[in-house]
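S.K.: Next comes the structure file upload.pdb, holding PDB, C-alpha atoms, pLDDT in the B column.
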```pdb
ATOM      1  CA  GLN U 162      12.528  -0.537  13.133  1.00 84.00           C
ATOM      2  CA  VAL U 163       9.008  -0.651  11.811  1.00 91.00           C
ATOM      3  CA  GLN U 164       6.902  -3.785  11.830  1.00 95.00           C
ATOM      4  CA  LEU U 165       4.102  -3.984   9.298  1.00 97.00           C
ATOM      5  CA  VAL U 166       1.250  -6.480   9.223  1.00 97.00           C
ATOM      6  CA  GLU U 167      -1.201  -6.562   6.320  1.00 97.00           C
ATOM      7  CA  SER U 168      -4.679  -8.011   6.511  1.00 97.00           C
ATOM      8  CA  GLY U 169      -7.906  -8.041   4.548  1.00 97.00           C
ATOM      9  CA  GLY U 170      -6.913 -10.042   1.509  1.00 97.00           C
ATOM     10  CA  GLY U 171      -9.020 -12.836   0.126  1.00 97.00           C
ATOM     11  CA  LEU U 172     -11.019 -14.152  -2.792  1.00 98.00           C
ATOM     12  CA  VAL U 173     -13.496 -11.841  -4.505  1.00 98.00           C
ATOM     13  CA  GLN U 174     -15.413 -11.883  -7.754  1.00 98.00           C
ATOM     14  CA  ALA U 175     -14.619  -9.466 -10.530  1.00 98.00           C
ATOM     15  CA  GLY U 176     -16.349  -6.171  -9.902  1.00 98.00           C
ATOM     16  CA  GLY U 177     -16.219  -6.646  -6.151  1.00 98.00           C
ATOM     17  CA  SER U 178     -14.417  -4.743  -3.430  1.00 98.00           C
ATOM     18  CA  LEU U 179     -11.896  -5.391  -0.688  1.00 98.00           C
ATOM     19  CA  ARG U 180     -10.226  -3.224   1.922  1.00 98.00           C
ATOM     20  CA  LEU U 181      -6.689  -4.014   2.922  1.00 98.00           C
ATOM     21  CA  SER U 182      -5.223  -2.797   6.183  1.00 98.00           C
ATOM     22  CA  CYS U 183      -1.626  -2.429   7.246  1.00 98.00           C
ATOM     23  CA  ALA U 184      -0.941  -2.024  10.942  1.00 97.00           C
ATOM     24  CA  ALA U 185       2.409  -0.507  11.906  1.00 96.00           C
ATOM     25  CA  SER U 186       4.366  -0.678  15.123  1.00 91.00           C
ATOM     26  CA  GLY U 187       7.847   0.032  16.374  1.00 80.00           C
ATOM     27  CA  ARG U 188       8.407   3.637  15.310  1.00 72.00           C
ATOM     28  CA  THR U 189       6.326   6.773  15.097  1.00 83.00           C
ATOM     29  CA  PHE U 190       3.894   5.974  12.334  1.00 91.00           C
ATOM     30  CA  SER U 191       3.220   9.625  11.590  1.00 89.00           C
ATOM     31  CA  SER U 192       6.846  10.102  10.518  1.00 91.00           C
ATOM     32  CA  CYS U 193       6.528   7.398   7.852  1.00 94.00           C
ATOM     33  CA  ALA U 194       5.446   7.714   4.261  1.00 96.00           C
ATOM     34  CA  MET U 195       3.545   4.570   3.276  1.00 97.00           C
ATOM     35  CA  GLY U 196       3.036   2.653   0.081  1.00 98.00           C
ATOM     36  CA  TRP U 197       1.247  -0.345  -1.351  1.00 98.00           C
ATOM     37  CA  PHE U 198       2.894  -2.580  -3.918  1.00 98.00           C
ATOM     38  CA  ARG U 199       1.844  -5.839  -5.521  1.00 98.00           C
ATOM     39  CA  GLN U 200       3.434  -8.843  -7.130  1.00 98.00           C
ATOM     40  CA  ALA U 201       1.592 -11.210  -9.422  1.00 97.00           C
ATOM     41  CA  PRO U 202       2.920 -14.701 -10.183  1.00 93.00           C
ATOM     42  CA  GLY U 203       5.818 -14.545 -12.599  1.00 95.00           C
ATOM     43  CA  LYS U 204       5.929 -10.747 -12.549  1.00 97.00           C
ATOM     44  CA  GLU U 205       8.018  -8.078 -10.892  1.00 97.00           C
ATOM     45  CA  ARG U 206       6.718  -6.279  -7.849  1.00 98.00           C
ATOM     46  CA  GLU U 207       5.040  -3.045  -8.918  1.00 98.00           C
ATOM     47  CA  PHE U 208       3.879   0.205  -7.409  1.00 98.00           C
ATOM     48  CA  VAL U 209       0.176   0.538  -6.648  1.00 98.00           C
ATOM     49  CA  THR U 210      -0.262   3.631  -4.514  1.00 98.00           C
ATOM     50  CA  ALA U 211       1.464   5.749  -1.877  1.00 98.00           C
ATOM     51  CA  ILE U 212       0.610   8.343   0.725  1.00 98.00           C
ATOM     52  CA  SER U 213       2.686  10.959   2.499  1.00 96.00           C
ATOM     53  CA  ARG U 214       3.196  10.883   6.231  1.00 94.00           C
ATOM     54  CA  SER U 215       0.435  13.413   6.835  1.00 92.00           C
ATOM     55  CA  GLY U 216      -1.932  11.986   4.235  1.00 94.00           C
ATOM     56  CA  GLY U 217      -1.836  15.257   2.337  1.00 94.00           C
ATOM     57  CA  SER U 218      -0.251  13.789  -0.770  1.00 96.00           C
ATOM     58  CA  THR U 219      -1.125  10.606  -2.604  1.00 98.00           C
ATOM     59  CA  SER U 220       0.003   8.917  -5.789  1.00 98.00           C
ATOM     60  CA  TYR U 221      -1.571   6.133  -7.840  1.00 98.00           C
ATOM     61  CA  ALA U 222      -0.478   3.848 -10.620  1.00 98.00           C
ATOM     62  CA  ASP U 223      -2.487   4.512 -13.753  1.00 97.00           C
ATOM     63  CA  PHE U 224      -4.055   1.064 -13.703  1.00 95.00           C
ATOM     64  CA  VAL U 225      -5.764   1.689 -10.344  1.00 94.00           C
ATOM     65  CA  LYS U 226      -6.794   5.321 -10.676  1.00 93.00           C
ATOM     66  CA  GLY U 227     -10.463   5.715  -9.986  1.00 94.00           C
ATOM     67  CA  ARG U 228     -10.731   2.222  -8.497  1.00 98.00           C
ATOM     68  CA  PHE U 229      -8.374   2.165  -5.503  1.00 98.00           C
ATOM     69  CA  THR U 230      -8.062   4.638  -2.653  1.00 98.00           C
ATOM     70  CA  ILE U 231      -5.274   4.870  -0.113  1.00 98.00           C
ATOM     71  CA  SER U 232      -5.829   6.435   3.280  1.00 98.00           C
ATOM     72  CA  ARG U 233      -4.236   6.430   6.698  1.00 97.00           C
ATOM     73  CA  ASP U 234      -5.241   6.882  10.296  1.00 96.00           C
ATOM     74  CA  ASN U 235      -2.237   8.071  12.254  1.00 93.00           C
ATOM     75  CA  ALA U 236      -4.100   7.654  15.533  1.00 94.00           C
ATOM     76  CA  LYS U 237      -4.498   3.951  14.774  1.00 95.00           C
ATOM     77  CA  ASN U 238      -1.070   3.482  13.138  1.00 96.00           C
ATOM     78  CA  THR U 239      -2.812   2.009  10.123  1.00 97.00           C
ATOM     79  CA  VAL U 240      -2.850   2.566   6.388  1.00 98.00           C
ATOM     80  CA  TYR U 241      -5.694   1.302   4.235  1.00 98.00           C
ATOM     81  CA  LEU U 242      -6.181   0.334   0.628  1.00 98.00           C
ATOM     82  CA  GLN U 243      -9.792   0.408  -0.506  1.00 98.00           C
ATOM     83  CA  MET U 244     -10.104  -1.556  -3.743  1.00 98.00           C
ATOM     84  CA  SER U 245     -13.215  -1.412  -5.880  1.00 98.00           C
ATOM     85  CA  SER U 246     -14.207  -2.629  -9.346  1.00 98.00           C
ATOM     86  CA  LEU U 247     -11.648  -5.370  -8.988  1.00 98.00           C
ATOM     87  CA  LYS U 248     -10.431  -7.180 -12.068  1.00 97.00           C
ATOM     88  CA  PRO U 249      -8.808 -10.609 -12.458  1.00 97.00           C
ATOM     89  CA  GLU U 250      -5.563  -8.842 -13.362  1.00 97.00           C
ATOM     90  CA  ASP U 251      -5.528  -7.308  -9.868  1.00 98.00           C
ATOM     91  CA  THR U 252      -4.761 -10.769  -8.513  1.00 98.00           C
ATOM     92  CA  ALA U 253      -1.466 -10.542  -6.641  1.00 98.00           C
ATOM     93  CA  VAL U 254       0.199 -10.504  -3.279  1.00 98.00           C
ATOM     94  CA  TYR U 255      -0.180  -6.990  -1.907  1.00 98.00           C
ATOM     95  CA  TYR U 256       2.594  -5.556   0.231  1.00 98.00           C
ATOM     96  CA  CYS U 257       2.611  -2.592   2.549  1.00 98.00           C
ATOM     97  CA  ALA U 258       5.837  -0.589   2.864  1.00 98.00           C
ATOM     98  CA  ALA U 259       7.085   2.228   5.092  1.00 97.00           C
ATOM     99  CA  LYS U 260       9.734   4.903   4.702  1.00 95.00           C
ATOM    100  CA  ASP U 261      10.808   6.967   7.685  1.00 92.00           C
ATOM    101  CA  VAL U 262      10.864  10.568   6.440  1.00 91.00           C
ATOM    102  CA  GLY U 263      10.821  12.602   9.632  1.00 82.00           C
ATOM    103  CA  TYR U 264       8.388  15.452  10.140  1.00 77.00           C
ATOM    104  CA  PHE U 265       9.268  17.892   7.367  1.00 75.00           C
ATOM    105  CA  ASN U 266       8.283  15.927   4.320  1.00 85.00           C
ATOM    106  CA  ASN U 267       4.994  15.550   2.486  1.00 90.00           C
ATOM    107  CA  VAL U 268       6.008  13.264  -0.360  1.00 94.00           C
ATOM    108  CA  ALA U 269       4.264  10.111  -1.563  1.00 96.00           C
ATOM    109  CA  TYR U 270       7.029   7.816  -2.810  1.00 96.00           C
ATOM    110  CA  GLU U 271       6.507   5.575  -5.831  1.00 97.00           C
ATOM    111  CA  ASN U 272       9.911   3.903  -5.961  1.00 97.00           C
ATOM    112  CA  GLN U 273       9.916   0.655  -4.012  1.00 97.00           C
ATOM    113  CA  TYR U 274      13.667   0.897  -3.435  1.00 97.00           C
ATOM    114  CA  GLN U 275      13.113   3.976  -1.294  1.00 96.00           C
ATOM    115  CA  TYR U 276      11.181   1.964   1.281  1.00 97.00           C
ATOM    116  CA  GLY U 277      13.050   0.347   4.124  1.00 95.00           C
ATOM    117  CA  TYR U 278      10.323  -1.629   5.807  1.00 96.00           C
ATOM    118  CA  TRP U 279       7.972  -4.209   4.338  1.00 98.00           C
ATOM    119  CA  GLY U 280       5.127  -6.374   5.496  1.00 98.00           C
ATOM    120  CA  GLN U 281       4.755 -10.060   4.720  1.00 97.00           C
ATOM    121  CA  GLY U 282       2.041  -9.491   2.126  1.00 98.00           C
ATOM    122  CA  THR U 283      -1.580 -10.492   1.781  1.00 98.00           C
ATOM    123  CA  GLN U 284      -3.033 -12.452  -1.118  1.00 98.00           C
ATOM    124  CA  VAL U 285      -5.787 -10.930  -3.228  1.00 98.00           C
ATOM    125  CA  THR U 286      -7.446 -13.194  -5.758  1.00 98.00           C
ATOM    126  CA  VAL U 287     -10.069 -11.891  -8.162  1.00 98.00           C
ATOM    127  CA  SER U 288     -12.096 -14.494  -9.987  1.00 97.00           C
ATOM    128  CA  SER U 289     -13.704 -13.864 -13.367  1.00 94.00           C
TER     129      SER U 289
END
```
Before we go any further, please render this structure as structure tokens.
M.R.:
Amino acid sequence: QVQLVESGGGLVQAGGSLRLSCAASGRTFSSCAMGWFRQAPGKEREFVTAISRSGGSTSYADFVKGRFTISRDNAKNTVYLQMSSLKPEDTAVYYCAAKDVGYFNNVAYENQYQYGYWGQGTQVTVSS
């Protein structure tokens, strides 16, 4: 089992920045690929970004490239999402997800159905 707790959401003006954190516990964090997803009201949950277990591979949705950065600190069992140049359309609940991949895998997974563990989400609201 992996327990995930997101934090760092809030209200920010368009053009501003936020950093989300996702703290993991319960299994060896360094054996987990991690991802961030989001769900806006009335919309399906969508992929935002992902990072491999080592941090050596990352993947981004086109709509966040150049604005968002994913990173992880395996010593702190935490994955981060640095969001800059935020837009009102970035308003959503942001979810952290984990996939246990063992120690011989360096893939950043984009498909939400490949993740077995999810956090409760943190609300990000961007005002215009």
S.K.: Which residue, U:Gln174, U:Gln281, U:Ser168, U:Asn267, has the smallest gap to Cys193 (chain U) when you use all atoms listed in the file?
M.R.: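 Closest candidate: U:Asn267.
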S.K.: Could you name the residues that touch Val287 (chain U) at 7 Å or less, counting only C-alpha atoms, but leaving out those on the same chain fewer than 2 positions away, as a list in words?
M.R.: Leu172, Val173, Gln174, Ala175, Leu247, Lys248, Pro249, Asp251, Thr252, Val285 and Ser289 of chain U
S.K.: Please compute the CA of Gln284 (chain U)-CA of Tyr241 (chain U) distance, one decimal, in Å.
M.R.: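 CA of Gln284 (chain U) sits 15.0 Å away from CA of Tyr241 (chain U).
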S.K.: Please list as JSON, numbers by chain every residue within 8 Å of region 216-227 of chain U, counting all atoms listed in the file and excluding residues in the same chain fewer than 4 positions away.
M.R.: {"U": [208, 209, 210, 211, 212, 231, 232, 233, 267, 268, 269, 270, 271]}
S.K.: Go through U:Gln162, U:Ser288, U:Ser191, U:Ser245 and flag the residue nearest Tyr264 (chain U), using only C-alpha atoms for the distances.
M.R.: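 Result for the nearest residue to Tyr264 (chain U): U:Ser191.
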S.K.: With all atoms of region 166-180 of chain U from the file as input, state the centre and edge lengths in Å to one decimal of the axis-aligned box that has 8 Å extra on each side, as JSON.
M.R.:
```
{"center_x": -7.5, "center_y": -8.7, "center_z": -0.7, "size_x": 33.6, "size_y": 26.9, "size_z": 35.8}
```
S.K.: The PyMOL selection byres ((chain U and resi 167) around 10) - which residues does that actually catch in the file I just gave you? List them as a PyMOL selection string.
M.R.: chain U and resi 165-166+168-170+181-185+239-241+255-258+279-284
S.K.: How many Å lie between CA of Val254 (chain U) and CA of Arg188 (chain U), rounded to one decimal?
M.R.: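 These two atoms are separated by 24.8 Å.
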S.K.: Measuring between all atoms listed in the file, which one of U:Asp234, U:Gln243, U:Arg228, U:Gly277 shows the shortest distance to Gly176 (chain U)?
M.R.: U:Arg228
S.K.: Let me make sure I understand: among U:Thr286, U:Ser192, U:Ser215, U:Ser178, which one has the smallest atom-to-atom distance to Ala259 (chain U) if we use all atoms listed in the file?
M.R.: U:Ser192
S.K.: Quick one, how far is CA of Glu205 (chain U) from CA of Tyr276 (chain U)?
M.R.: 16.1 Å
S.K.: I need the residue nearest Ser186 (chain U) from this list: U:Asp261, U:Ser246, U:Gln164, U:Asn235. Use all atoms listed in the file for the distance.
M.R.: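 The answer is U:Gln164, which sits nearest to Ser186 (chain U).
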S.K.: Measuring atom to atom with all atoms listed in the file, identify which of U:Tyr274, U:Phe229, U:Phe198, U:Phe265 is nearest to Met244 (chain U).
M.R.: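 Among U:Tyr274, U:Phe229, U:Phe198, U:Phe265, it is U:Phe229 that comes nearest to Met244 (chain U).
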